[in-house]
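Engineer: Sending over a structure as structure tokens; questions will come in a sec.
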Protein chains: 2
Amino acid sequence: MGLTIHDIARLLGVSPSTVSRALSGKGRISEATRERIRKTVEELGYQPNVLARALATRSTFAIAVVIHERHLPLDERSFYGVILETIEAEVTKHGYHVVFATLRNHALPQCIKESRVDGVVFLGTDIQSKLVEEVKRLLPVVLVDYHLPNVVSVVGDNLGGGRLATLHLLEHGHKRIAFIAETLADPSFHERFVGYRRALKERGIAVRKSWVIEGGRRPDSDRIAMEKFLKLSDLPTAIFAANDFMAVGAIRALTQVGLKVPEDIAVVGFDDGALATLVQPPLTSVRVPRVEMGKVAAQNLLGLLRGGDVPVLSVLPITLTIRASCGC
Amino acid sequence: MGLTIHDIARLLGVSPSTVSRALSGKGRISEATRERIRKTVEELGYQPNVLARALATRSTFAIAVVIHERHLPLDERSFYGVILETIEAEVTKHGYHVVFATLRNHALPQCIKESRVDGVVFLGTDIQSKLVEEVKRLLPVVLVDYHLPNVVSVVGDNLGGGRLATLHLLEHGHKRIAFIAETLADPSFHERFVGYRRALKERGIAVRKSWVIEGGRRPDSDRIAMEKFLKLSDLPTAIFAANDFMAVGAIRALTQVGLKVPEDIAVVGFDDGALATLVQPPLTSVRVPRVEMGKVAAQNLLGLLRGGDVPVLSVLPITLTIRASCGC
DNA sequence: CTGTTAGCGCATTCAA
DNA sequence: TTGAATGCGCTAACAG
């Protein structure tokens, strides 16, 4: 703190630019003086001033991780915390920092406007493509858990996962399978629904509209959905829930009215997070590779920052974690 | 982007410093020229370069929110995501940004070393006081969910909450109340335990050591603890869990062996997060004011940055959210 | 009230 | 291989 490149230059009887070169590794410099400089830098605990460096080089060594306000709160129902944490861990290895920001009212986050960051990761859906295009003109952008044409995106295989879960229930002999979600307006949930639909189609089973149930975007979405479900005249024998939150709500609602899971009604969820092992029976759930998503997103953004070539769309493989709620 | 203070100065036939003054609001300037400047700045969409500004003023308008790696992952069991998000929302109002960082191996986070931030919020326990002292010499520091002497700290009333929960069970007529936690080595959990002990003492009931059960710091801590619990020769009639995660695990374990909650054994948790309404029966739980904690932490740090006076210890009041698991 | 001057700390030309 | 000079964009002290 306070110690500058001039101080250690003067101390060693060299010029500031020599010190700069020694530290940045750019430009030719003799091994001897480099070692001398490195040594005293070490001893004195000199820390380069990143602000000055950023001003001179026009790069901040910081990235923004931006989450849409719709995905808040970042509470027990969200898995974006894990992704954030993974991105931080990954970019930190390469000397980068993470600025955490929220996307409010579709307004360009201040940290992007102010060029406080070298690149941006957007977490979650519902980000207007116009906005993404605007940011993309300024900085490298990576989308996570969402995708847009011509923007580097990292997603889990929602469609494949939805299909996998549904096929698993079909293999258990279920032919009457309901699909419940908070809302199909959410692209991820909709993709899972398409997977469900595809699996049924493959087995020649028609989709019954009344068995596709939305609870709405609300805290008690699970209750609303299950109220609708329990009012059905001919109850399905299985439920595929678009996420674990809804699946857990389903199990609770079913248990409450005396229906046994999985004997009376089987349940499969989607996410395979901490909730899955919290319920009784333990939840069979499609595993969303959140850690991998964070890692790939970070690596892709770092790739873009280096000017490298990066796959536009990374669809990460998804697996089914089998526990008891499906009847296995 | 690219547009500088010189550009708009030249455009208006004034000097750069005049523009600077107009924008910063510092120094005297005529209302007329200020308005002229403000107008063209608006029209041209000029964005001051924060890096240059930071270099000149030595203030970054960014704060760090640092979480100890022990509290990772930031998954469905953590409530620090909410606190992070609240802090971001709060400081954003005042033009500040949030750098998210992890405390690894008790090493000073890079963003602090590099003076990328003006202040620091530490989230969670287990932060070595030596480290905090070191940071405090460099920057204003606020602790959340933890406290240290002479450091501005924001905590929930863990002791009061533990007492409240235990008293509630006592009022239900329970005299045999177990306490389960991941570990008493965690200061928050220990405080909750002290509250439990105090409540029992107040009613002249002795603490039975075998009824104070730790599951350890592990993902399946709840299972371990409940295994121990179910092996007790004389089963308590109530459980006070140090957090909702353990409470939910308790309910699951009890249900699994055919014990009814709350009829056979009552359960009270601590946190009152999203998990509490996810289980059956819904969990009676001590509400940790996470949003308030985040807000107060942010406001206190902003206060310190302004050089104001700020309370060293803020103990936020805690309430009991009564649902069904206690027998009410 | 406004313009001039001199840094903030570092990177990067260009000479030597 | 090294040093001197210049600039990154803004703020602040000092004149005027």
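In the structure tokens, chains take letters A, B, ... by order of appearance, with residues numbered from 1 within each chain and ligands from 1 in the order shown.
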Using only C-alpha atoms (C1' of nucleotides), find each residue of chain A with at least one atom at most 10 Å away from an atom of chain D; report its shortest atom-to-atom pair and that distance in Å (one decimal), sort the rows by chain and rising residue number, and return the result as a tab-separated table.
Structural biologist:
```
residue	atom	partner	partner_atom	distance
A:Val14	CA	D:DG3	C1'	8.3
A:Ser15	CA	D:DG3	C1'	6.2
A:Pro16	CA	D:DG3	C1'	8.7
A:Ser17	CA	D:DG3	C1'	7.7
A:Thr18	CA	D:DT2	C1'	6.9
A:Gly27	CA	D:DT1	C1'	9.6
A:Arg28	CA	D:DT1	C1'	6.8
A:Ile29	CA	D:DT1	C1'	5.8
A:Ser30	CA	D:DT1	C1'	6.4
A:Thr33	CA	D:DT1	C1'	9.8
A:Ala52	CA	D:DC8	C1'	8.5
A:Arg53	CA	D:DC8	C1'	9.2
A:Ala54	CA	D:DC8	C1'	8.7
A:Leu55	CA	D:DC8	C1'	5.3
A:Ala56	CA	D:DC8	C1'	4.7
A:Thr57	CA	D:DC8	C1'	7.7
A:Arg58	CA	D:DC8	C1'	8.0
```
Engineer: Save out the residues we just selected, C-alpha atoms, as a PDB file, in the first residue's frame.
Structural biologist:
```
ATOM      1  CA  VAL A  14      16.952   0.891 -12.360  1.00  0.00           C
ATOM      2  CA  SER A  15      14.173   2.642 -14.222  1.00  0.00           C
ATOM      3  CA  PRO A  16      10.480   2.185 -13.547  1.00  0.00           C
ATOM      4  CA  SER A  17       9.914   0.758 -16.980  1.00  0.00           C
ATOM      5  CA  THR A  18      12.423  -1.982 -16.286  1.00  0.00           C
ATOM      6  CA  GLY A  27       9.628  -7.158 -23.437  1.00  0.00           C
ATOM      7  CA  ARG A  28      13.164  -8.453 -23.192  1.00  0.00           C
ATOM      8  CA  ILE A  29      14.954  -8.242 -19.927  1.00  0.00           C
ATOM      9  CA  SER A  30      18.045  -9.933 -18.555  1.00  0.00           C
ATOM     10  CA  THR A  33      17.891  -7.957 -13.244  1.00  0.00           C
ATOM     11  CA  ALA A  52      -3.374   2.251 -12.691  1.00  0.00           C
ATOM     12  CA  ARG A  53      -2.645  -0.890 -14.609  1.00  0.00           C
ATOM     13  CA  ALA A  54      -6.225  -1.125 -15.777  1.00  0.00           C
ATOM     14  CA  LEU A  55      -6.177   2.480 -16.883  1.00  0.00           C
ATOM     15  CA  ALA A  56      -3.060   1.918 -18.919  1.00  0.00           C
ATOM     16  CA  THR A  57      -3.991  -1.447 -20.415  1.00  0.00           C
ATOM     17  CA  ARG A  58      -7.760  -1.002 -20.578  1.00  0.00           C
TER      18      ARG A  58
END
```
Engineer: Please identify all residues of chain C having at least one atom at most 8 Å from any atom of chain B, considering only C-alpha atoms (C1' of nucleotides), and return them as a ChimeraX atom specification.
Structural biologist: /C:1-3,8-9
Engineer: Of the residues A:Asn150, A:Asn105, A:Ser78, A:Thr319, which is the one nearest to chain B, using only C-alpha atoms?
Structural biologist: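 Counting only C-alpha atoms, the residue closest to chain B is A:Ser78.
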Engineer: Just the number, please: distance in Å from atom CA of A:Ile67 to atom CA of A:Gly95, one decimal.
Structural biologist: 22.3 Å
Engineer: Could you list, as a list in words, every residue within 10 Å of A:Met226, counting only C-alpha atoms (C1' of nucleotides) and ignoring same-chain residues fewer than 2 positions away?
Structural biologist: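 Final neighbour list, sorted by chain and number: Ile180, Ile213, Glu214, Gly215, Ser221, Asp222, Arg223, Ile224, Lys228, Phe229, Leu230, Lys231, Leu232, Met246, Ala247, Gly249, Ala250, Ile251, Arg252, Ala253 and Leu254 of chain A.
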Engineer: Can you write just those residues out, N, CA and C atoms, as a PDB file, in the first residue's frame?
Structural biologist:
```
ATOM      1  N   ILE A 180     -45.939 -31.283 -13.991  1.00  0.00           N
ATOM      2  CA  ILE A 180     -46.240 -30.047 -13.266  1.00  0.00           C
ATOM      3  C   ILE A 180     -45.023 -29.134 -13.262  1.00  0.00           C
ATOM      4  N   ILE A 213     -49.839 -29.218 -15.782  1.00  0.00           N
ATOM      5  CA  ILE A 213     -50.341 -28.283 -14.780  1.00  0.00           C
ATOM      6  C   ILE A 213     -49.294 -27.240 -14.405  1.00  0.00           C
ATOM      7  N   GLU A 214     -49.711 -25.977 -14.419  1.00  0.00           N
ATOM      8  CA  GLU A 214     -48.818 -24.892 -13.993  1.00  0.00           C
ATOM      9  C   GLU A 214     -49.318 -24.293 -12.680  1.00  0.00           C
ATOM     10  N   GLY A 215     -48.391 -24.011 -11.801  1.00  0.00           N
ATOM     11  CA  GLY A 215     -48.763 -23.397 -10.525  1.00  0.00           C
ATOM     12  C   GLY A 215     -48.575 -21.895 -10.528  1.00  0.00           C
ATOM     13  N   SER A 221     -46.400 -21.913  -5.488  1.00  0.00           N
ATOM     14  CA  SER A 221     -46.727 -22.505  -6.779  1.00  0.00           C
ATOM     15  C   SER A 221     -47.014 -23.996  -6.667  1.00  0.00           C
ATOM     16  N   ASP A 222     -46.256 -24.678  -5.804  1.00  0.00           N
ATOM     17  CA  ASP A 222     -46.445 -26.121  -5.645  1.00  0.00           C
ATOM     18  C   ASP A 222     -47.847 -26.446  -5.118  1.00  0.00           C
ATOM     19  N   ARG A 223     -48.301 -25.641  -4.175  1.00  0.00           N
ATOM     20  CA  ARG A 223     -49.629 -25.896  -3.618  1.00  0.00           C
ATOM     21  C   ARG A 223     -50.715 -25.717  -4.667  1.00  0.00           C
ATOM     22  N   ILE A 224     -50.614 -24.597  -5.384  1.00  0.00           N
ATOM     23  CA  ILE A 224     -51.604 -24.305  -6.425  1.00  0.00           C
ATOM     24  C   ILE A 224     -51.662 -25.459  -7.423  1.00  0.00           C
ATOM     25  N   LYS A 228     -54.817 -28.286  -8.142  1.00  0.00           N
ATOM     26  CA  LYS A 228     -55.385 -28.615  -9.459  1.00  0.00           C
ATOM     27  C   LYS A 228     -55.266 -30.109  -9.725  1.00  0.00           C
ATOM     28  N   PHE A 229     -54.108 -30.648  -9.410  1.00  0.00           N
ATOM     29  CA  PHE A 229     -53.858 -32.066  -9.673  1.00  0.00           C
ATOM     30  C   PHE A 229     -54.867 -32.940  -8.933  1.00  0.00           C
ATOM     31  N   LEU A 230     -55.066 -32.638  -7.668  1.00  0.00           N
ATOM     32  CA  LEU A 230     -55.920 -33.500  -6.846  1.00  0.00           C
ATOM     33  C   LEU A 230     -57.400 -33.375  -7.208  1.00  0.00           C
ATOM     34  N   LYS A 231     -57.707 -32.336  -7.978  1.00  0.00           N
ATOM     35  CA  LYS A 231     -59.099 -32.179  -8.419  1.00  0.00           C
ATOM     36  C   LYS A 231     -59.399 -32.981  -9.681  1.00  0.00           C
ATOM     37  N   LEU A 232     -58.352 -33.538 -10.272  1.00  0.00           N
ATOM     38  CA  LEU A 232     -58.562 -34.297 -11.514  1.00  0.00           C
ATOM     39  C   LEU A 232     -59.489 -35.474 -11.245  1.00  0.00           C
ATOM     40  N   MET A 246     -41.055 -28.253  -7.009  1.00  0.00           N
ATOM     41  CA  MET A 246     -42.412 -28.714  -7.298  1.00  0.00           C
ATOM     42  C   MET A 246     -42.575 -30.183  -6.911  1.00  0.00           C
ATOM     43  N   ALA A 247     -41.536 -30.966  -7.102  1.00  0.00           N
ATOM     44  CA  ALA A 247     -41.607 -32.391  -6.774  1.00  0.00           C
ATOM     45  C   ALA A 247     -41.792 -32.580  -5.267  1.00  0.00           C
ATOM     46  N   GLY A 249     -43.052 -30.421  -3.241  1.00  0.00           N
ATOM     47  CA  GLY A 249     -44.410 -29.971  -2.952  1.00  0.00           C
ATOM     48  C   GLY A 249     -45.422 -31.046  -3.290  1.00  0.00           C
ATOM     49  N   ALA A 250     -45.183 -31.747  -4.374  1.00  0.00           N
ATOM     50  CA  ALA A 250     -46.093 -32.817  -4.784  1.00  0.00           C
ATOM     51  C   ALA A 250     -46.108 -33.929  -3.744  1.00  0.00           C
ATOM     52  N   ILE A 251     -44.936 -34.348  -3.321  1.00  0.00           N
ATOM     53  CA  ILE A 251     -44.850 -35.418  -2.326  1.00  0.00           C
ATOM     54  C   ILE A 251     -45.576 -35.007  -1.046  1.00  0.00           C
ATOM     55  N   ARG A 252     -45.358 -33.766  -0.642  1.00  0.00           N
ATOM     56  CA  ARG A 252     -46.014 -33.307   0.578  1.00  0.00           C
ATOM     57  C   ARG A 252     -47.525 -33.325   0.413  1.00  0.00           C
ATOM     58  N   ALA A 253     -47.996 -32.791  -0.710  1.00  0.00           N
ATOM     59  CA  ALA A 253     -49.442 -32.716  -0.937  1.00  0.00           C
ATOM     60  C   ALA A 253     -50.060 -34.109  -1.007  1.00  0.00           C
ATOM     61  N   LEU A 254     -49.368 -35.013  -1.671  1.00  0.00           N
ATOM     62  CA  LEU A 254     -49.896 -36.374  -1.803  1.00  0.00           C
ATOM     63  C   LEU A 254     -49.955 -37.062  -0.448  1.00  0.00           C
TER      64      LEU A 254
END
```
Engineer: Mind listing the strand (DSSP E) residues of stretch 236-295 of chain B, per DSSP on the backbone, as JSON, numbers by chain?
Structural biologist: {"B": [238, 239, 240, 241, 266, 267, 268, 269, 270, 271, 284, 285, 286, 287]}
Engineer: For the structure I just gave you, how does DSSP split stretch 69-171 of chain A - specifically, which residues are alpha helix (DSSP H)? Reply as a PyMOL selection string.
Structural biologist: chain A and resi 80-92+110-113+129-138+158-171
Engineer: Residues of the last selection are to be written out with C-alpha atoms, as a JSON list (two decimals), in the first residue's frame.
Structural biologist:
```
[["chain", "number", "residue", "atom", "x", "y", "z"],
["A", 80, "TYR", "CA", -27.58, -20.03, -9.09],
["A", 81, "GLY", "CA", -25.62, -19.59, -5.90],
["A", 82, "VAL", "CA", -23.65, -22.68, -6.74],
["A", 83, "ILE", "CA", -23.00, -21.48, -10.26],
["A", 84, "LEU", "CA", -21.83, -18.10, -9.01],
["A", 85, "GLU", "CA", -19.50, -19.76, -6.58],
["A", 86, "THR", "CA", -18.12, -22.09, -9.22],
["A", 87, "ILE", "CA", -17.46, -19.26, -11.63],
["A", 88, "GLU", "CA", -15.65, -17.36, -8.92],
["A", 89, "ALA", "CA", -13.49, -20.35, -8.09],
["A", 90, "GLU", "CA", -12.64, -20.90, -11.73],
["A", 91, "VAL", "CA", -11.79, -17.37, -12.79],
["A", 92, "THR", "CA", -9.87, -16.71, -9.60],
["A", 110, "GLN", "CA", -23.97, -0.17, -14.11],
["A", 111, "CYS", "CA", -20.76, -2.19, -13.91],
["A", 112, "ILE", "CA", -21.06, -2.91, -17.62],
["A", 113, "LYS", "CA", -21.86, 0.67, -18.55],
["A", 129, "SER", "CA", -31.98, -10.48, -26.61],
["A", 130, "LYS", "CA", -31.84, -6.78, -27.40],
["A", 131, "LEU", "CA", -30.04, -6.22, -24.14],
["A", 132, "VAL", "CA", -27.67, -9.10, -24.72],
["A", 133, "GLU", "CA", -26.86, -7.76, -28.18],
["A", 134, "GLU", "CA", -26.13, -4.37, -26.68],
["A", 135, "VAL", "CA", -23.77, -5.85, -24.12],
["A", 136, "LYS", "CA", -22.18, -8.07, -26.73],
["A", 137, "ARG", "CA", -21.17, -5.04, -28.73],
["A", 138, "LEU", "CA", -19.21, -3.84, -25.72],
["A", 158, "ASN", "CA", -33.34, -29.93, -20.47],
["A", 159, "LEU", "CA", -35.09, -31.64, -23.31],
["A", 160, "GLY", "CA", -33.05, -34.80, -22.96],
["A", 161, "GLY", "CA", -33.56, -34.73, -19.21],
["A", 162, "GLY", "CA", -37.30, -34.34, -19.53],
["A", 163, "ARG", "CA", -37.38, -37.23, -21.95],
["A", 164, "LEU", "CA", -35.19, -39.36, -19.70],
["A", 165, "ALA", "CA", -37.37, -38.82, -16.65],
["A", 166, "THR", "CA", -40.55, -39.55, -18.53],
["A", 167, "LEU", "CA", -39.12, -42.67, -20.16],
["A", 168, "HIS", "CA", -38.10, -43.91, -16.75],
["A", 169, "LEU", "CA", -41.65, -43.57, -15.47],
["A", 170, "LEU", "CA", -42.93, -45.26, -18.61],
["A", 171, "GLU", "CA", -40.59, -48.16, -17.97]]
```
Engineer: When you count only C-alpha atoms, which of these residues is closest to chain A: B:Arg36, B:His106, B:Arg10, B:Arg116?
Structural biologist: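 Answer, going by the shortest atom-to-atom distance: B:Arg116.
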Engineer: Kindly give the distance, in Å, that separates atom CA of A:Leu184 and atom CA of A:Gly216, rounded to a single decimal.
Structural biologist: 8.8 Å
Engineer: Could you jot down the atom CA of B:Glu292 to atom CA of B:Pro187 separation for me, Å, one decimal place?
Structural biologist: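 Atom CA of B:Pro187 lies 20.0 Å from atom CA of B:Glu292.
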Engineer: I'd like to know which of A:Asp186, A:Asp234, A:Glu191, A:Glu114 is closest to chain B, using only C-alpha atoms.
Structural biologist: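 Looking only at the distances to chain B, the closest residue turns out to be A:Glu114.
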Engineer: May I ask which of the residues A:Pro149, A:Gly327, A:Gly45, A:Gly269 is the closest one to chain B, counting only C-alpha atoms?
Structural biologist: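 Closest to chain B, using only C-alpha atoms: A:Gly45.
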